[in-house]
file start_20.csv (CSV, C-alpha atoms and all ligand atoms)
chain,number,residue,atom,x,y,z
A,1,MET,CA,-13.1,-21.2,-3.2
A,2,LEU,CA,-13.4,-17.5,-2.4
A,3,PRO,CA,-14.8,-15.7,-5.4
A,4,ALA,CA,-12.8,-12.9,-7.1
A,5,CYS,CA,-13.2,-9.5,-5.4
A,6,SER,CA,-13.9,-11.1,-2.0
A,7,VAL,CA,-12.5,-9.3,1.0
A,8,ILE,CA,-9.8,-11.0,3.2
A,9,GLY,CA,-9.6,-9.6,6.7
A,10,ILE,CA,-6.1,-9.5,8.1
A,11,LEU,CA,-5.4,-9.0,11.8
A,12,GLY,CA,-2.2,-7.0,12.1
A,13,GLY,CA,-0.8,-4.2,10.1
A,14,GLY,CA,3.0,-4.9,9.8
A,15,GLN,CA,5.1,-5.8,6.8
A,16,LEU,CA,3.8,-9.4,6.6
A,17,GLY,CA,0.3,-8.0,6.2
A,18,ARG,CA,1.5,-5.5,3.6
A,19,MET,CA,3.1,-8.2,1.5
A,20,THR,CA,0.1,-10.4,1.9
A,21,ALA,CA,-2.2,-7.6,0.8
A,22,LEU,CA,-0.1,-7.1,-2.3
A,23,ALA,CA,-0.3,-10.8,-3.2
A,24,ALA,CA,-4.0,-10.8,-2.5
A,25,ALA,CA,-4.5,-7.9,-4.9
A,26,ASN,CA,-2.7,-9.8,-7.6
A,27,LEU,CA,-5.2,-12.6,-7.2
A,28,GLY,CA,-8.1,-10.2,-7.4
A,29,TYR,CA,-9.0,-10.0,-3.7
A,30,LYS,CA,-9.4,-7.0,-1.5
A,31,THR,CA,-7.9,-6.8,2.0
A,32,HIS,CA,-9.2,-5.2,5.1
A,33,ILE,CA,-6.6,-4.6,7.8
A,34,TYR,CA,-7.4,-4.6,11.5
A,35,THR,CA,-4.6,-2.8,13.5
A,36,PRO,CA,-4.2,-0.5,16.4
A,37,GLU,CA,-1.6,1.5,14.4
A,38,GLU,CA,-2.4,4.5,12.3
A,39,ASN,CA,-0.8,4.5,8.8
A,40,SER,CA,0.5,0.9,9.2
A,41,PRO,CA,2.7,-0.7,6.5
A,42,ALA,CA,-0.2,-3.0,5.5
A,43,SER,CA,-3.0,-0.3,5.5
A,44,GLN,CA,-0.9,1.7,3.0
A,45,VAL,CA,-1.6,-0.9,0.3
A,46,ALA,CA,-5.0,-2.3,1.5
A,47,TYR,CA,-8.6,-1.7,0.4
A,48,LYS,CA,-9.7,-0.8,3.9
A,49,THR,CA,-8.4,-0.4,7.5
A,50,THR,CA,-10.0,-0.6,10.9
A,51,VAL,CA,-7.8,1.2,13.5
A,52,ALA,CA,-8.8,-0.3,16.9
A,53,ALA,CA,-7.4,-2.1,19.9
A,54,TYR,CA,-7.1,-5.9,19.8
A,55,ASN,CA,-9.5,-6.1,22.8
A,56,ASN,CA,-12.2,-3.9,21.3
A,57,ALA,CA,-15.0,-6.5,21.0
A,58,LYS,CA,-17.4,-4.3,19.2
A,59,ALA,CA,-14.8,-3.3,16.5
A,60,LEU,CA,-13.7,-6.9,16.2
A,61,LYS,CA,-17.2,-8.0,15.5
A,62,ALA,CA,-17.9,-5.3,13.0
A,63,PHE,CA,-14.6,-6.1,11.2
A,64,ALA,CA,-15.4,-9.9,11.0
A,65,GLN,CA,-18.9,-9.1,9.7
A,66,SER,CA,-17.5,-6.9,6.9
A,67,VAL,CA,-15.1,-9.5,5.5
A,68,ASP,CA,-15.4,-12.9,3.8
A,69,VAL,CA,-12.6,-14.7,5.7
A,70,VAL,CA,-10.3,-13.7,8.6
A,71,THR,CA,-6.6,-14.4,8.8
A,72,PHE,CA,-3.6,-13.2,10.8
A,73,GLU,CA,-0.2,-11.7,10.1
A,74,PHE,CA,0.4,-11.3,13.8
A,75,GLU,CA,-0.4,-14.2,16.2
A,76,ASN,CA,0.3,-12.6,19.5
A,77,VAL,CA,-3.2,-11.3,20.1
A,78,PRO,CA,-5.3,-12.4,23.1
A,79,ALA,CA,-7.0,-15.8,22.6
A,80,GLU,CA,-10.3,-14.0,23.4
A,81,THR,CA,-9.8,-11.8,20.3
A,82,ILE,CA,-9.5,-14.9,18.1
A,83,ARG,CA,-12.5,-16.4,19.7
A,84,ILE,CA,-14.7,-13.3,19.1
A,85,LEU,CA,-13.6,-13.2,15.4
A,86,SER,CA,-14.2,-16.9,14.9
A,87,GLU,CA,-17.7,-16.7,16.3
A,88,VAL,CA,-18.6,-14.3,13.5
A,89,LYS,CA,-16.5,-15.5,10.6
A,90,GLN,CA,-14.4,-18.4,9.6
A,91,THR,CA,-10.8,-17.8,10.5
A,92,HIS,CA,-7.8,-19.5,8.8
A,93,PRO,CA,-5.9,-20.7,10.6
A,94,SER,CA,-8.3,-21.7,13.3
A,95,LEU,CA,-7.9,-20.9,17.1
A,96,GLU,CA,-6.0,-24.1,17.9
A,97,PRO,CA,-2.7,-23.6,15.9
A,98,LEU,CA,-2.7,-19.9,16.9
A,99,TYR,CA,-3.2,-20.8,20.6
A,100,ILE,CA,-0.4,-23.3,20.6
A,101,ALA,CA,2.1,-21.1,18.7
A,102,GLN,CA,1.4,-18.2,21.2
A,103,ASN,CA,3.2,-20.0,24.0
A,104,ARG,CA,6.7,-21.5,23.9
A,105,LEU,CA,5.8,-24.2,26.4
A,106,ARG,CA,2.7,-25.3,24.6
A,107,GLU,CA,4.5,-25.5,21.2
A,108,LYS,CA,7.5,-27.4,22.6
A,109,LYS,CA,5.1,-29.9,24.4
A,110,MET,CA,3.3,-30.4,21.1
A,111,ALA,CA,6.6,-31.1,19.3
A,112,THR,CA,7.6,-33.6,22.0
A,113,GLU,CA,4.2,-35.4,21.8
A,114,LEU,CA,4.7,-35.8,18.1
A,115,GLY,CA,8.1,-37.4,18.7
A,116,ILE,CA,10.0,-34.3,17.4
A,117,LYS,CA,13.1,-33.5,19.3
A,118,THR,CA,13.7,-30.1,21.1
A,119,ALA,CA,16.4,-28.6,23.3
A,120,PRO,CA,15.8,-29.7,26.9
A,121,PHE,CA,13.2,-27.3,28.5
A,122,LEU,CA,11.4,-26.7,31.8
A,123,PRO,CA,8.6,-24.3,32.8
A,124,VAL,CA,9.7,-21.7,35.3
A,125,SER,CA,7.5,-19.4,37.3
A,126,SER,CA,9.7,-18.4,40.3
A,127,LEU,CA,13.3,-17.9,41.2
A,128,GLY,CA,13.4,-21.2,43.1
A,129,GLU,CA,12.0,-23.0,40.1
A,130,LEU,CA,14.6,-21.3,37.8
A,131,GLU,CA,17.5,-22.4,40.0
A,132,ASN,CA,16.2,-26.0,40.1
A,133,ALA,CA,15.7,-26.0,36.4
A,134,PHE,CA,19.1,-24.6,35.8
A,135,ARG,CA,20.7,-27.3,37.9
A,136,GLU,CA,18.9,-29.9,35.9
A,137,ILE,CA,19.4,-28.7,32.3
A,138,GLY,CA,21.8,-25.7,32.5
A,139,TYR,CA,25.1,-27.7,32.4
A,140,GLY,CA,26.0,-26.2,29.0
A,141,GLY,CA,24.4,-22.8,29.7
A,142,ALA,CA,20.8,-21.9,29.2
A,143,ILE,CA,18.4,-19.4,27.9
A,144,LEU,CA,15.4,-18.1,29.9
A,145,LYS,CA,12.6,-16.9,27.7
A,146,THR,CA,9.1,-15.5,28.5
A,147,ALA,CA,6.6,-18.1,27.6
A,148,GLU,CA,4.5,-15.6,25.6
A,149,LEU,CA,4.9,-12.4,23.5
A,150,GLY,CA,8.7,-12.7,22.7
A,151,TYR,CA,9.9,-11.9,19.2
A,152,ASP,CA,13.2,-10.9,17.6
A,153,GLY,CA,15.1,-12.2,20.7
A,154,LYS,CA,13.1,-9.9,23.0
A,155,GLY,CA,12.2,-11.3,26.4
A,156,GLN,CA,15.3,-13.6,26.5
A,157,VAL,CA,18.2,-13.8,28.8
A,158,ARG,CA,21.3,-16.0,28.5
A,159,ILE,CA,22.3,-17.7,31.8
A,160,ARG,CA,25.9,-19.0,32.1
A,161,GLY,CA,26.0,-20.0,35.7
A,162,LEU,CA,23.7,-20.5,38.7
A,163,GLU,CA,24.8,-17.2,40.2
A,164,GLU,CA,23.2,-15.4,37.2
A,165,CYS,CA,19.7,-16.8,37.9
A,166,GLU,CA,18.7,-14.0,40.2
A,167,ASP,CA,19.3,-11.2,37.8
A,168,ALA,CA,17.8,-13.1,35.0
A,169,TRP,CA,14.6,-13.7,36.9
A,170,LYS,CA,14.4,-10.0,37.8
A,171,GLU,CA,14.5,-9.2,34.1
A,172,MET,CA,11.6,-11.5,33.4
A,173,GLN,CA,9.5,-9.5,35.9
A,174,ASN,CA,7.7,-12.6,37.2
A,175,GLN,CA,6.3,-13.5,33.9
A,176,PRO,CA,5.7,-17.3,33.3
A,177,SER,CA,8.8,-18.4,31.4
A,178,ILE,CA,10.6,-21.4,29.9
A,179,LEU,CA,14.2,-22.3,30.6
A,180,GLU,CA,15.9,-24.0,27.6
A,181,GLY,CA,19.3,-25.7,27.5
A,182,PHE,CA,21.7,-23.8,25.3
A,183,VAL,CA,22.2,-25.5,22.0
A,184,ASP,CA,25.6,-25.2,20.5
A,185,PHE,CA,24.1,-25.6,17.0
A,186,ALA,CA,25.9,-26.0,13.7
A,187,CYS,CA,23.3,-24.0,12.0
A,188,GLU,CA,19.7,-22.7,12.1
A,189,ILE,CA,17.2,-23.6,9.5
A,190,SER,CA,13.5,-23.1,8.9
A,191,VAL,CA,10.8,-24.7,6.9
A,192,ILE,CA,7.8,-22.9,5.3
A,193,ILE,CA,4.8,-25.1,4.8
A,194,ALA,CA,1.4,-24.3,3.4
A,195,ARG,CA,-1.8,-26.4,3.7
A,196,ASN,CA,-5.3,-25.8,2.4
A,197,GLU,CA,-8.7,-27.0,3.5
A,198,GLU,CA,-8.5,-30.0,1.2
A,199,GLY,CA,-5.4,-31.1,2.9
A,200,GLN,CA,-3.0,-30.3,0.1
A,201,VAL,CA,0.5,-29.4,1.5
A,202,ALA,CA,3.4,-27.7,-0.1
A,203,THR,CA,6.9,-27.0,1.3
A,204,TYR,CA,9.7,-24.8,0.1
A,205,ASP,CA,13.4,-25.5,0.0
A,206,ILE,CA,15.0,-25.3,3.5
A,207,ASN,CA,16.1,-21.8,4.6
A,208,GLU,CA,19.4,-21.5,6.4
A,209,ASN,CA,19.2,-18.5,8.8
A,210,THR,CA,21.8,-16.4,10.5
A,211,HIS,CA,20.8,-14.3,13.5
A,212,LYS,CA,22.5,-11.5,15.3
A,213,ASP,CA,21.4,-10.3,18.7
A,214,GLY,CA,18.4,-12.6,18.4
A,215,ILE,CA,17.2,-11.0,15.1
A,216,LEU,CA,17.2,-12.7,11.7
A,217,ARG,CA,19.8,-11.1,9.5
A,218,VAL,CA,20.4,-13.4,6.5
A,219,THR,CA,18.6,-16.3,4.9
A,220,ARG,CA,20.4,-18.5,2.3
A,221,VAL,CA,18.8,-21.0,0.0
A,222,PRO,CA,19.9,-23.6,-0.8
A,223,SER,CA,21.0,-24.4,2.7
A,224,SER,CA,24.2,-26.3,3.5
A,225,VAL,CA,22.4,-29.1,5.4
A,226,THR,CA,22.6,-32.8,4.3
A,227,PRO,CA,19.7,-34.4,2.5
A,228,ASP,CA,19.0,-36.4,5.7
A,229,VAL,CA,18.6,-33.2,7.7
A,230,GLU,CA,16.5,-31.6,5.0
A,231,ASN,CA,14.2,-34.6,4.9
A,232,THR,CA,13.8,-34.8,8.7
A,233,ALA,CA,13.0,-31.1,9.0
A,234,THR,CA,10.5,-31.3,6.1
A,235,GLN,CA,8.8,-34.4,7.4
A,236,ASN,CA,8.5,-32.8,10.9
A,237,ALA,CA,6.9,-29.7,9.4
A,238,ILE,CA,4.3,-31.8,7.5
A,239,ARG,CA,3.6,-33.8,10.7
A,240,ILE,CA,3.0,-30.6,12.6
A,241,ALA,CA,0.9,-28.9,9.9
A,242,GLU,CA,-1.3,-32.0,9.7
A,243,HIS,CA,-1.6,-32.4,13.4
A,244,LEU,CA,-2.8,-28.8,13.7
A,245,GLY,CA,-5.2,-29.2,10.8
A,246,LEU,CA,-3.5,-26.0,9.5
A,247,VAL,CA,-5.2,-23.9,6.8
A,248,GLY,CA,-2.8,-21.2,5.9
A,249,ILE,CA,1.0,-21.0,6.1
A,250,LEU,CA,3.4,-22.0,8.9
A,251,ALA,CA,7.1,-21.5,9.5
A,252,ILE,CA,9.0,-23.8,11.8
A,253,GLU,CA,12.5,-23.0,13.1
A,254,PHE,CA,14.9,-25.7,13.9
A,255,PHE,CA,18.5,-26.0,15.3
A,256,VAL,CA,20.8,-28.4,13.5
A,257,THR,CA,23.4,-29.8,16.0
A,258,ARG,CA,26.9,-30.8,15.0
A,259,GLU,CA,25.8,-34.4,15.2
A,260,GLY,CA,23.1,-33.7,12.6
A,261,GLU,CA,20.2,-33.8,15.0
A,262,VAL,CA,17.2,-31.6,14.1
A,263,LEU,CA,15.7,-29.8,17.1
A,264,PHE,CA,12.4,-27.9,17.0
A,265,ASN,CA,12.8,-24.3,18.2
A,266,GLU,CA,9.5,-22.5,17.5
A,267,MET,CA,6.8,-22.0,15.0
A,268,ALA,CA,4.7,-19.2,13.6
A,269,PRO,CA,1.4,-19.8,11.8
A,270,ARG,CA,1.8,-17.0,9.3
A,271,PRO,CA,4.3,-15.9,6.6
A,272,HIS,CA,7.8,-15.7,8.0
A,273,ASN,CA,10.9,-13.5,7.5
A,274,SER,CA,13.0,-16.4,6.5
A,275,GLY,CA,10.6,-17.0,3.5
A,276,HIS,CA,10.9,-13.5,2.0
A,277,TRP,CA,13.3,-14.9,-0.7
A,278,THR,CA,10.3,-16.7,-2.3
A,279,MET,CA,9.1,-13.3,-3.5
A,280,ASP,CA,11.8,-13.2,-6.2
A,281,ALA,CA,13.1,-16.8,-6.4
A,282,ALA,CA,10.2,-19.2,-6.2
A,283,ARG,CA,7.3,-19.8,-8.7
A,284,THR,CA,4.8,-18.9,-6.0
A,285,SER,CA,5.8,-16.5,-3.1
A,286,GLN,CA,4.9,-17.4,0.5
A,287,PHE,CA,2.5,-14.6,0.5
A,288,GLU,CA,0.6,-15.8,-2.6
A,289,GLN,CA,0.7,-19.3,-1.2
A,290,PHE,CA,-0.8,-18.0,2.1
A,291,VAL,CA,-3.6,-16.2,0.2
A,292,ARG,CA,-4.3,-19.3,-1.9
A,293,ALA,CA,-4.5,-21.5,1.3
A,294,VAL,CA,-6.8,-19.0,3.1
A,295,ALA,CA,-9.0,-18.5,0.1
A,296,GLY,CA,-9.4,-22.2,-0.6
A,297,LEU,CA,-7.5,-22.1,-3.9
A,298,PRO,CA,-5.2,-24.9,-5.1
A,299,LEU,CA,-1.6,-24.3,-3.8
A,300,GLY,CA,1.0,-23.0,-6.2
A,301,SER,CA,4.4,-24.5,-7.3
A,302,THR,CA,7.1,-24.0,-4.6
A,303,GLU,CA,9.9,-24.7,-7.1
A,304,ARG,CA,12.9,-22.4,-6.6
A,305,THR,CA,14.0,-20.6,-9.7
A,306,THR,CA,17.5,-19.5,-8.6
A,307,ASP,CA,19.9,-19.6,-5.7
A,308,VAL,CA,19.1,-16.7,-3.4
A,309,THR,CA,20.3,-14.8,-0.3
A,310,MET,CA,18.0,-12.5,1.7
A,311,HIS,CA,19.4,-9.7,3.8
A,312,ASN,CA,17.2,-7.8,6.2
A,313,LEU,CA,17.5,-4.1,6.3
A,314,ILE,CA,17.4,-3.4,10.0
A,315,GLY,CA,17.4,0.1,11.6
A,316,ASP,CA,19.9,2.3,9.8
A,317,ASP,CA,20.7,-0.3,7.2
A,318,VAL,CA,17.8,1.1,5.2
A,319,LEU,CA,19.5,4.5,4.8
A,320,VAL,CA,21.5,3.2,1.8
A,321,TRP,CA,18.5,1.7,0.0
A,322,GLN,CA,19.2,3.6,-3.2
A,323,GLN,CA,22.5,1.7,-3.7
A,324,TYR,CA,20.5,-1.5,-4.3
A,325,LEU,CA,18.7,0.0,-7.3
A,326,GLU,CA,21.8,-0.1,-9.4
A,327,ARG,CA,22.4,-3.8,-9.0
A,328,PRO,CA,20.6,-5.9,-11.6
A,329,ASN,CA,20.6,-9.1,-9.4
A,330,VAL,CA,19.2,-7.4,-6.3
A,331,LYS,CA,15.5,-6.9,-5.5
A,332,LEU,CA,14.6,-4.3,-3.0
A,333,HIS,CA,11.5,-4.5,-0.7
A,334,LEU,CA,10.8,-1.6,1.6
A,335,TYR,CA,8.0,-1.7,4.2
A,336,GLY,CA,6.8,1.9,4.2
A,337,LYS,CA,7.9,2.7,7.8
A,338,THR,CA,8.9,6.3,8.3
A,339,LYS,CA,10.4,6.0,11.8
A,340,ILE,CA,13.8,4.2,12.0
A,341,THR,CA,14.6,2.7,15.3
A,342,GLU,CA,17.3,0.3,16.4
A,343,GLY,CA,16.4,-3.3,15.6
A,344,ARG,CA,13.4,-2.4,13.6
A,345,LYS,CA,12.8,-4.3,10.4
A,346,MET,CA,12.6,-1.6,7.6
A,347,GLY,CA,12.9,-3.7,4.5
A,348,HIS,CA,14.8,-6.6,2.9
A,349,VAL,CA,16.8,-7.3,-0.3
A,350,ASN,CA,17.0,-10.5,-2.2
A,351,TYR,CA,20.3,-11.2,-4.0
A,352,LEU,CA,19.5,-13.5,-6.9
A,353,GLY,CA,22.2,-16.0,-8.0
A,354,THR,CA,25.6,-15.5,-6.4
A,355,GLU,CA,25.7,-12.6,-3.9
A,401,LIG,N1,18.1,-22.9,23.2
A,401,LIG,C1,18.8,-22.1,22.5
A,401,LIG,N2,20.1,-22.4,22.2
A,401,LIG,C2,20.9,-21.6,21.5
A,401,LIG,N3,20.5,-20.5,20.8
A,401,LIG,C3,19.2,-20.1,21.0
A,401,LIG,C4,18.3,-20.9,21.8
A,401,LIG,N4,17.1,-20.3,21.8
A,401,LIG,C5,17.2,-19.2,21.0
A,401,LIG,N5,18.5,-19.1,20.5
A,401,LIG,C6,19.0,-18.0,19.6
A,401,LIG,O1,18.1,-16.9,19.7
A,401,LIG,C7,17.4,-16.7,18.5
A,401,LIG,C8,16.0,-16.2,18.8
A,401,LIG,O2,15.3,-17.1,19.6
A,401,LIG,P1,13.8,-17.6,19.3
A,401,LIG,O3,13.6,-18.0,17.9
A,401,LIG,O4,13.4,-18.6,20.3
A,401,LIG,O5,13.1,-16.2,19.7
A,401,LIG,P2,12.2,-15.1,19.0
A,401,LIG,O6,12.4,-13.9,19.8
A,401,LIG,O7,10.8,-15.6,18.8
A,401,LIG,O8,12.9,-14.9,17.6
A,401,LIG,P3,12.2,-14.5,16.2
A,401,LIG,O9,11.0,-13.8,16.4
A,401,LIG,O10,13.3,-13.7,15.6
A,401,LIG,O11,12.1,-15.9,15.5
A,401,LIG,C9,17.4,-18.1,17.8
A,401,LIG,O12,17.2,-17.9,16.4
A,401,LIG,C10,18.8,-18.5,18.2
A,401,LIG,O13,19.8,-17.9,17.4
A,402,MG,MG,12.8,-17.5,16.3

call {"tool": "encode", "arguments": {"input": "start_20.csv", "output": "structure tokens"}}
result
Amino acid sequence: MLPACSVIGILGGGQLGRMTALAAANLGYKTHIYTPEENSPASQVAYKTTVAAYNNAKALKAFAQSVDVVTFEFENVPAETIRILSEVKQTHPSLEPLYIAQNRLREKKMATELGIKTAPFLPVSSLGELENAFREIGYGGAILKTAELGYDGKGQVRIRGLEECEDAWKEMQNQPSILEGFVDFACEISVIIARNEEGQVATYDINENTHKDGILRVTRVPSSVTPDVENTATQNAIRIAEHLGLVGILAIEFFVTREGEVLFNEMAPRPHNSGHWTMDAARTSQFEQFVRAVAGLPLGSTERTTDVTMHNLIGDDVLVWQQYLERPNVKLHLYGKTKITEGRKMGHVNYLGTE
């Protein structure tokens, strides 16, 4: 158990790091942020910041030496970075779950090996392979995604017919990719699960997520899925967390088909946008839960205290932030980002009770 006033090192300076740092402070911990960005959302509320590149071995070592445990709010860092950090200090989660989650092929293979269903998928590393893969699994349309470094729908191209493969491959710029069959899903859901070193696990109610242009817009809890779907998704999440020996928090996204099948889409071994409702509508927020897991504390209650809907404030949405202050059932969270750009997550609001 990490003693009070210990320092938690967090790799990444975005809003997830910011909200984690705030939760850590409430539990009496300090946070040290490692980020290449000046004045990052997380460093604004942290005890200390190192501004350096993710491949700066010297800075990484000094950072790891100066903290009591290392964790991540951003998993898309080179595996070498994680290796350097873990040689100096315990990292939670460990290299394995981060390494698997960094690559869409690795994570889908893992799911398949655990007997968890996914959309049909094939690895693709040339135009020829893409065309063959499309012939095999593209009958209902397909999505080509870069195997690594995609987020918020970036690095993805929809392919509707064989003739579109050439342009799609050009867009990928020869990066190793994955072709996935297009799922005509009934809805998208995600599960947030925490696990600590003692093997205690805790899951939250299922999140029902609506995306637009590949970016999460709205999360509703409770979801509209059947108890059967809820149970399958939760059990799958537990199986994955235990398989990975996860210490920390993990979000897993699933598609629910019209037939009620639950298909693994992707996972992120960190707090997740679809869990932001827990800040105002669960006994323990996902950020506090994450800190508890990383610090070796017992996990908190995940009980939901009210129905809730989370809306992301994306790009210009944030300009009207003041209007939310007048509404008693709305909780506003802004991320301290000064520059508004299209598609950038600037904050979110939680509507408590009925929207
Ligand atoms: N095989 C698929 N069939 C149908 N829709 C899909 C498929 N893959 C992705 N999508 C749609 O695109 C969205 C983003 O895809 P995905 O989650 O794989 O990428 P991402 O860029 O990592 O997104 P994020 O970082 O927002 O979670 C999904 O939530 C879903 O709405
Ligand atoms: Mg996703």

call {"tool": "atom_distance", "arguments": {"input": "start_20.csv", "atom1": "CA of Lys339 in chain A", "atom2": "CA of Val320 in chain A"}}
result
15.2 Å

call {"tool": "closest_residue", "arguments": {"input": "start_20.csv", "among": "A:Arg270, A:Lys154, A:Lys331, A:Lys48", "to": "Thr31 in chain A", "atoms": "only C-alpha atoms"}}
result
A:Lys48

call {"tool": "residues_around", "arguments": {"input": "start_20.csv", "residues": "Trp321 in chain A", "least_positions_apart": "5", "cutoff": "10 Å", "atoms": "only C-alpha atoms", "output": "list in words"}}
result
Leu313, Asp316, Leu332, His333, Leu334, Gly347, His348 and Val349 of chain A

call {"tool": "closest_residue", "arguments": {"input": "start_20.csv", "among": "A:Val157, A:Leu246, A:Leu216, A:Val45", "to": "ligand MG 402 (chain A)", "atoms": "only C-alpha atoms and all ligand atoms"}}
result
A:Leu216

call {"tool": "closest_atom_pairs", "arguments": {"input": "start_20.csv", "of": "chain A", "to": "ligand MG 402 (chain A)", "cutoff": "10 Å", "atoms": "only C-alpha atoms and all ligand atoms", "output": "JSON lines"}}
result
{"residue": "A:Gly150", "atom": "CA", "partner": "A:MG402", "partner_atom": "MG", "distance": 9.0}
{"residue": "A:Tyr151", "atom": "CA", "partner": "A:MG402", "partner_atom": "MG", "distance": 6.9}
{"residue": "A:Asp152", "atom": "CA", "partner": "A:MG402", "partner_atom": "MG", "distance": 6.7}
{"residue": "A:Gly153", "atom": "CA", "partner": "A:MG402", "partner_atom": "MG", "distance": 7.3}
{"residue": "A:Glu188", "atom": "CA", "partner": "A:MG402", "partner_atom": "MG", "distance": 9.6}
{"residue": "A:Ser190", "atom": "CA", "partner": "A:MG402", "partner_atom": "MG", "distance": 9.3}
{"residue": "A:Asn209", "atom": "CA", "partner": "A:MG402", "partner_atom": "MG", "distance": 9.9}
{"residue": "A:His211", "atom": "CA", "partner": "A:MG402", "partner_atom": "MG", "distance": 9.1}
{"residue": "A:Gly214", "atom": "CA", "partner": "A:MG402", "partner_atom": "MG", "distance": 7.7}
{"residue": "A:Ile215", "atom": "CA", "partner": "A:MG402", "partner_atom": "MG", "distance": 7.9}
{"residue": "A:Leu216", "atom": "CA", "partner": "A:MG402", "partner_atom": "MG", "distance": 8.0}
{"residue": "A:Ala251", "atom": "CA", "partner": "A:MG402", "partner_atom": "MG", "distance": 9.7}
{"residue": "A:Ile252", "atom": "CA", "partner": "A:MG402", "partner_atom": "MG", "distance": 8.6}
{"residue": "A:Glu253", "atom": "CA", "partner": "A:MG402", "partner_atom": "MG", "distance": 6.4}
{"residue": "A:Phe254", "atom": "CA", "partner": "A:MG402", "partner_atom": "MG", "distance": 8.8}
{"residue": "A:Asn265", "atom": "CA", "partner": "A:MG402", "partner_atom": "MG", "distance": 7.1}
{"residue": "A:Glu266", "atom": "CA", "partner": "A:MG402", "partner_atom": "MG", "distance": 6.1}
{"residue": "A:Met267", "atom": "CA", "partner": "A:MG402", "partner_atom": "MG", "distance": 7.6}
{"residue": "A:Ala268", "atom": "CA", "partner": "A:MG402", "partner_atom": "MG", "distance": 8.7}
{"residue": "A:His272", "atom": "CA", "partner": "A:MG402", "partner_atom": "MG", "distance": 9.9}
{"residue": "A:Asn273", "atom": "CA", "partner": "A:MG402", "partner_atom": "MG", "distance": 9.9}
{"residue": "A:Ser274", "atom": "CA", "partner": "A:MG402", "partner_atom": "MG", "distance": 9.9}

call {"tool": "write_last_selection", "arguments": {"input": "start_20.csv", "atoms": "C-alpha atoms", "output": "PDB file, keeping the file's coordinate frame"}}
result
ATOM      1  CA  GLY A 150       8.700 -12.700  22.700  1.00  0.00           C
ATOM      2  CA  TYR A 151       9.900 -11.900  19.200  1.00  0.00           C
ATOM      3  CA  ASP A 152      13.200 -10.900  17.600  1.00  0.00           C
ATOM      4  CA  GLY A 153      15.100 -12.200  20.700  1.00  0.00           C
ATOM      5  CA  GLU A 188      19.700 -22.700  12.100  1.00  0.00           C
ATOM      6  CA  SER A 190      13.500 -23.100   8.900  1.00  0.00           C
ATOM      7  CA  ASN A 209      19.200 -18.500   8.800  1.00  0.00           C
ATOM      8  CA  HIS A 211      20.800 -14.300  13.500  1.00  0.00           C
ATOM      9  CA  GLY A 214      18.400 -12.600  18.400  1.00  0.00           C
ATOM     10  CA  ILE A 215      17.200 -11.000  15.100  1.00  0.00           C
ATOM     11  CA  LEU A 216      17.200 -12.700  11.700  1.00  0.00           C
ATOM     12  CA  ALA A 251       7.100 -21.500   9.500  1.00  0.00           C
ATOM     13  CA  ILE A 252       9.000 -23.800  11.800  1.00  0.00           C
ATOM     14  CA  GLU A 253      12.500 -23.000  13.100  1.00  0.00           C
ATOM     15  CA  PHE A 254      14.900 -25.700  13.900  1.00  0.00           C
ATOM     16  CA  ASN A 265      12.800 -24.300  18.200  1.00  0.00           C
ATOM     17  CA  GLU A 266       9.500 -22.500  17.500  1.00  0.00           C
ATOM     18  CA  MET A 267       6.800 -22.000  15.000  1.00  0.00           C
ATOM     19  CA  ALA A 268       4.700 -19.200  13.600  1.00  0.00           C
ATOM     20  CA  HIS A 272       7.800 -15.700   8.000  1.00  0.00           C
ATOM     21  CA  ASN A 273      10.900 -13.500   7.500  1.00  0.00           C
ATOM     22  CA  SER A 274      13.000 -16.400   6.500  1.00  0.00           C
TER      23      SER A 274
END

call {"tool": "residues_around", "arguments": {"input": "start_20.csv", "residues": "Ile314 in chain A", "least_positions_apart": "6", "cutoff": "8 Å", "atoms": "all atoms listed in the file", "output": "PyMOL selection string"}}
result
chain A and resi 342-347

call {"tool": "closest_residue", "arguments": {"input": "start_20.csv", "among": "A:Arg258, A:Lys109, A:Lys30, A:Arg158", "to": "ligand LIG 401 (chain A)", "atoms": "only C-alpha atoms and all ligand atoms"}}
result
A:Arg158

call {"tool": "residues_around", "arguments": {"input": "start_20.csv", "residues": "range 279-292 of chain A", "least_positions_apart": "3", "cutoff": "7 Å", "atoms": "all atoms listed in the file", "output": "PyMOL selection string"}}
result
chain A and resi 19-20+23-24+194+248-249+271+275-276+295-306+308

call {"tool": "closest_residue", "arguments": {"input": "start_20.csv", "among": "A:Gly336, A:Gly140, A:Gly245, A:Gly353", "to": "ligand LIG 401 (chain A)", "atoms": "only C-alpha atoms and all ligand atoms"}}
result
A:Gly140

call {"tool": "closest_residue", "arguments": {"input": "start_20.csv", "among": "A:Ala57, A:Ala101, A:Met110, A:Met172", "to": "ligand LIG 401 (chain A)", "atoms": "only C-alpha atoms and all ligand atoms"}}
result
A:Ala101

call {"tool": "atom_distance", "arguments": {"input": "start_20.csv", "atom1": "CA of Ser177 in chain A", "atom2": "CA of Phe134 in chain A"}}
result
12.8 Å

call {"tool": "residues_around", "arguments": {"input": "start_20.csv", "residues": "Gly161 in chain A", "least_positions_apart": "4", "cutoff": "8 Å", "atoms": "only C-alpha atoms", "output": "CSV table (one decimal) with C-alpha atoms, keeping the file's coordinate frame"}}
result
chain,number,residue,atom,x,y,z
A,138,GLY,CA,21.8,-25.7,32.5
A,141,GLY,CA,24.4,-22.8,29.7
A,165,CYS,CA,19.7,-16.8,37.9

call {"tool": "residues_around", "arguments": {"input": "start_20.csv", "residues": "range 3-5 of chain A", "least_positions_apart": "4", "cutoff": "8 Å", "atoms": "all atoms listed in the file", "output": "number ranges by chain"}}
result
A: 27-30
